[in-house]
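Heads up, my_file.cif below (mmCIF, C-alpha atoms):
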data_protein
#
loop_
_atom_site.label_atom_id
_atom_site.label_comp_id
_atom_site.auth_asym_id
_atom_site.auth_seq_id
_atom_site.Cartn_x
_atom_site.Cartn_y
_atom_site.Cartn_z
CA MET V 1 0.00 0.00 0.00
CA ARG V 2 1.30 3.46 -0.86
CA ILE V 3 0.98 5.88 2.03
CA GLN V 4 1.84 9.55 2.11
CA MET V 5 2.85 11.02 5.44
CA PHE V 6 5.00 13.67 7.02
CA LEU V 7 7.85 12.11 8.98
CA SER V 8 9.80 14.03 11.60
CA SER V 9 13.52 14.51 11.34
CA THR V 10 13.89 11.99 14.17
CA ALA V 11 11.99 9.38 12.15
CA MET V 12 14.06 10.06 9.03
CA LEU V 13 17.31 9.83 11.02
CA ALA V 14 16.09 6.61 12.68
CA ILE V 15 15.35 5.14 9.23
CA LYS V 16 18.87 6.07 8.14
CA ARG V 17 20.43 4.57 11.29
CA TYR V 18 18.37 1.37 11.07
CA LYS V 19 19.34 1.01 7.39
CA GLU V 20 23.02 1.33 8.32
CA ILE V 21 22.66 -1.26 11.09
CA ASN V 22 20.95 -3.83 8.86
CA PHE V 23 22.09 -3.12 5.31
CA GLY V 24 25.16 -0.89 5.44
CA ASN V 25 25.10 1.44 2.44
CA ALA V 26 22.79 -0.70 0.30
CA PRO V 27 19.91 1.23 -1.29
CA VAL V 28 16.81 0.00 0.56
CA PRO V 29 13.38 1.66 0.34
CA ASN V 30 12.21 3.46 3.47
CA GLY V 31 8.92 1.54 3.51
CA PHE V 32 10.82 -1.74 3.67
CA VAL V 33 12.90 -0.43 6.58
CA ILE V 34 9.73 0.50 8.49
CA GLU V 35 8.26 -2.96 7.80
CA LEU V 36 11.44 -4.64 9.01
CA ALA V 37 11.55 -2.47 12.14
CA TYR V 38 7.96 -3.39 12.98
CA LYS V 39 8.47 -7.09 12.34
CA ASN V 40 11.62 -7.16 14.49
CA ILE V 41 9.91 -5.68 17.54
CA GLU V 42 6.50 -7.30 16.96
CA PRO V 43 7.03 -10.28 19.33
CA GLU V 44 7.57 -7.83 22.21
CA ILE V 45 5.26 -5.04 21.07
CA THR V 46 2.87 -5.32 24.03
CA LYS V 47 5.76 -5.45 26.53
CA ILE V 48 7.61 -2.34 25.30
CA CYS V 49 7.68 0.70 27.59
CA TRP V 50 6.70 3.26 24.94
CA THR V 51 7.20 6.25 27.24
CA ASP V 52 10.87 5.26 27.66
CA VAL V 53 11.19 4.86 23.89
CA ASN V 54 9.73 8.35 23.45
CA ILE V 55 12.17 9.76 26.03
CA TYR V 56 15.05 8.11 24.12
CA GLU V 57 14.45 10.54 21.24
CA GLY V 58 16.58 13.22 22.93
CA ALA V 59 19.47 10.83 23.53
CA PHE V 60 19.16 9.52 19.96
CA LEU V 61 19.44 13.03 18.51
CA SER V 62 22.44 13.71 20.78
CA GLU V 63 24.17 10.52 19.61
CA ILE V 64 23.74 11.56 16.00
CA GLY V 65 24.62 15.18 16.70
CA GLN V 66 21.42 16.53 15.20
CA SER V 67 19.80 19.58 16.76
CA GLU V 68 17.92 20.94 13.77
CA LEU V 69 14.35 19.63 13.55
CA TYR V 70 12.41 19.44 10.31
CA ARG V 71 9.80 17.19 8.76
CA THR V 72 9.68 15.51 5.39
CA GLN V 73 6.69 14.54 3.30
CA THR V 74 7.26 11.12 1.82
CA THR V 75 5.39 8.33 0.09
CA LEU V 76 6.04 4.89 1.51
CA ASN V 77 5.25 1.46 0.13
CA ILE V 78 4.28 -0.62 3.15
CA ASP V 79 2.57 -4.01 3.25
CA ASN V 80 -1.17 -3.76 4.04
CA ASP V 81 -0.80 -6.16 6.97
CA VAL V 82 1.90 -4.00 8.59
CA VAL V 83 -0.17 -0.83 8.02
CA ASP V 84 -3.15 -2.48 9.73
CA LYS V 85 -0.96 -3.54 12.65
CA ILE V 86 0.50 -0.04 13.01
CA ASN V 87 -3.04 1.41 12.99
CA GLY V 88 -4.02 -1.15 15.64
CA LEU V 89 -0.99 -0.21 17.73
CA CYS V 90 -2.05 3.45 17.56
CA ARG V 91 -5.67 2.70 18.40
CA ASP V 92 -5.36 -0.05 21.00
CA ASN V 93 -2.02 0.47 22.72
CA LEU V 94 -0.46 3.90 22.31
CA THR V 95 -3.66 5.84 23.09
CA LYS V 96 -3.75 4.15 26.52
CA VAL V 97 -0.02 4.59 27.16
CA PHE V 98 -0.02 8.31 26.36
CA GLY V 99 -3.55 9.02 27.66
CA THR V 100 -4.89 10.51 24.45
CA GLN V 101 -7.90 9.82 22.27
CA LYS V 102 -5.85 9.55 19.09
CA VAL V 103 -2.25 8.79 18.20
CA TYR V 104 -1.23 9.67 14.67
CA ARG V 105 0.55 7.17 12.45
CA PRO V 106 3.74 9.25 11.90
CA PHE V 107 4.25 9.39 15.68
CA ALA V 108 3.79 5.62 15.92
CA VAL V 109 6.24 5.08 13.04
CA LYS V 110 8.83 7.24 14.83
CA LEU V 111 8.38 5.20 18.03
CA ILE V 112 8.61 1.91 16.12
CA LEU V 113 11.85 3.01 14.47
CA LEU V 114 13.38 4.20 17.75
CA ALA V 115 12.33 0.94 19.43
CA ALA V 116 13.91 -1.04 16.60
CA VAL V 117 17.18 0.90 16.95
CA LEU V 118 17.14 0.21 20.70
CA HIS V 119 16.30 -3.45 20.04
CA SER V 120 19.26 -3.79 17.69
CA LYS V 121 21.49 -2.42 20.47
CA GLY V 122 19.97 -4.82 23.01
CA ARG V 123 18.53 -1.90 25.01
CA LEU V 124 14.81 -2.15 24.27
CA PRO V 125 12.96 -0.92 27.40
CA LEU V 126 10.31 -3.36 28.55
CA ILE V 127 7.52 -2.76 31.04
CA LYS V 128 8.52 -3.78 34.54
CA LYS V 129 5.90 -5.90 36.27
#
Let's see the structure in the file written out as structure tokens.
Amino acid sequence: MRIQMFLSSTAMLAIKRYKEINFGNAPVPNGFVIELAYKNIEPEITKICWTDVNIYEGAFLSEIGQSELYRTQTTLNIDNDVVDKINGLCRDNLTKVFGTQKVYRPFAVKLILLAAVLHSKGRLPLIKK
């Protein structure tokens, strides 16, 4: 499915970092990177501490050395199944975690990418029971 959305600079930098981690300098479409990120964290998606992932954004930008924030409009090719699961994550999980009535898809994509970067480093924050 082709989806147009505005992605934050954090999301674009996370896509770039996740590409480097998994594919080096190979040209890989951004939609594929988002799919891979989701599929890699999917087994633990209900156990992730999303507030900690959101807080990690500042540290992530510091690691990269990026202080300038911008957003980019892009068109992504993402599998329908993954899009449905991201929409479900927004609707069923993230709205409860952040105490809002609606969580927008670009925000969820940013969190998924940051969680995938943390997962690849072995630092994915899980909910403590």
List the residues matched by the PyMOL selection byres ((chain V and resi 99-109) around 9) in the displayed structure as a PDB file with C-alpha atoms, keeping the file's coordinate frame, ordered by chain and then by residue number.
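Heads up, here's the output in result32.pdb:
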ATOM      1  CA  MET V   5       2.850  11.020   5.440  1.00  0.00           C
ATOM      2  CA  PHE V   6       5.000  13.670   7.020  1.00  0.00           C
ATOM      3  CA  LEU V   7       7.850  12.110   8.980  1.00  0.00           C
ATOM      4  CA  SER V   8       9.800  14.030  11.600  1.00  0.00           C
ATOM      5  CA  ALA V  11      11.990   9.380  12.150  1.00  0.00           C
ATOM      6  CA  ILE V  34       9.730   0.500   8.490  1.00  0.00           C
ATOM      7  CA  TYR V  38       7.960  -3.390  12.980  1.00  0.00           C
ATOM      8  CA  ILE V  86       0.500  -0.040  13.010  1.00  0.00           C
ATOM      9  CA  ASN V  87      -3.040   1.410  12.990  1.00  0.00           C
ATOM     10  CA  LEU V  89      -0.990  -0.210  17.730  1.00  0.00           C
ATOM     11  CA  CYS V  90      -2.050   3.450  17.560  1.00  0.00           C
ATOM     12  CA  ARG V  91      -5.670   2.700  18.400  1.00  0.00           C
ATOM     13  CA  LEU V  94      -0.460   3.900  22.310  1.00  0.00           C
ATOM     14  CA  THR V  95      -3.660   5.840  23.090  1.00  0.00           C
ATOM     15  CA  LYS V  96      -3.750   4.150  26.520  1.00  0.00           C
ATOM     16  CA  VAL V  97      -0.020   4.590  27.160  1.00  0.00           C
ATOM     17  CA  PHE V  98      -0.020   8.310  26.360  1.00  0.00           C
ATOM     18  CA  LYS V 110       8.830   7.240  14.830  1.00  0.00           C
ATOM     19  CA  LEU V 111       8.380   5.200  18.030  1.00  0.00           C
ATOM     20  CA  ILE V 112       8.610   1.910  16.120  1.00  0.00           C
ATOM     21  CA  LEU V 113      11.850   3.010  14.470  1.00  0.00           C
ATOM     22  CA  LEU V 114      13.380   4.200  17.750  1.00  0.00           C
TER      23      LEU V 114
END
> Which residues come within 8 Å of V:Gly31, counting all atoms listed in the file, excluding same-chain residues fewer than 2 positions away, as a list in words?
Replying inline: Pro29, Val33, Ile34, Glu35, Leu76, Asn77 and Ile78 of chain V
>> So the first atom is atom CA of V:Gly24 and the second is atom CA of V:Arg123; what is the distance between them in Å, to one decimal place?
In response: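 Value for the atom CA of V:Gly24-atom CA of V:Arg123 distance: 20.7 Å.
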>> Under the PyMOL selection byres ((chain V and resi 45-57) around 8), which residues of this model are included? Write them out as a ChimeraX atom specification.
In response: /V:10,41-44,58-61,93-94,97-98,111,114-115,124-127
>> As an exercise, work out the distance from atom CA of V:Ile64 to atom CA of V:Arg17 in Å and give it to one decimal place.
In response: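 So the answer is 9.1 Å.
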> For the atom pair atom CA of V:Tyr70 and atom CA of V:Asn30, what is the interatomic distance in Å to one decimal place?
Replying inline: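 Pair atom CA of V:Tyr70 / atom CA of V:Asn30 returns 17.4 Å.
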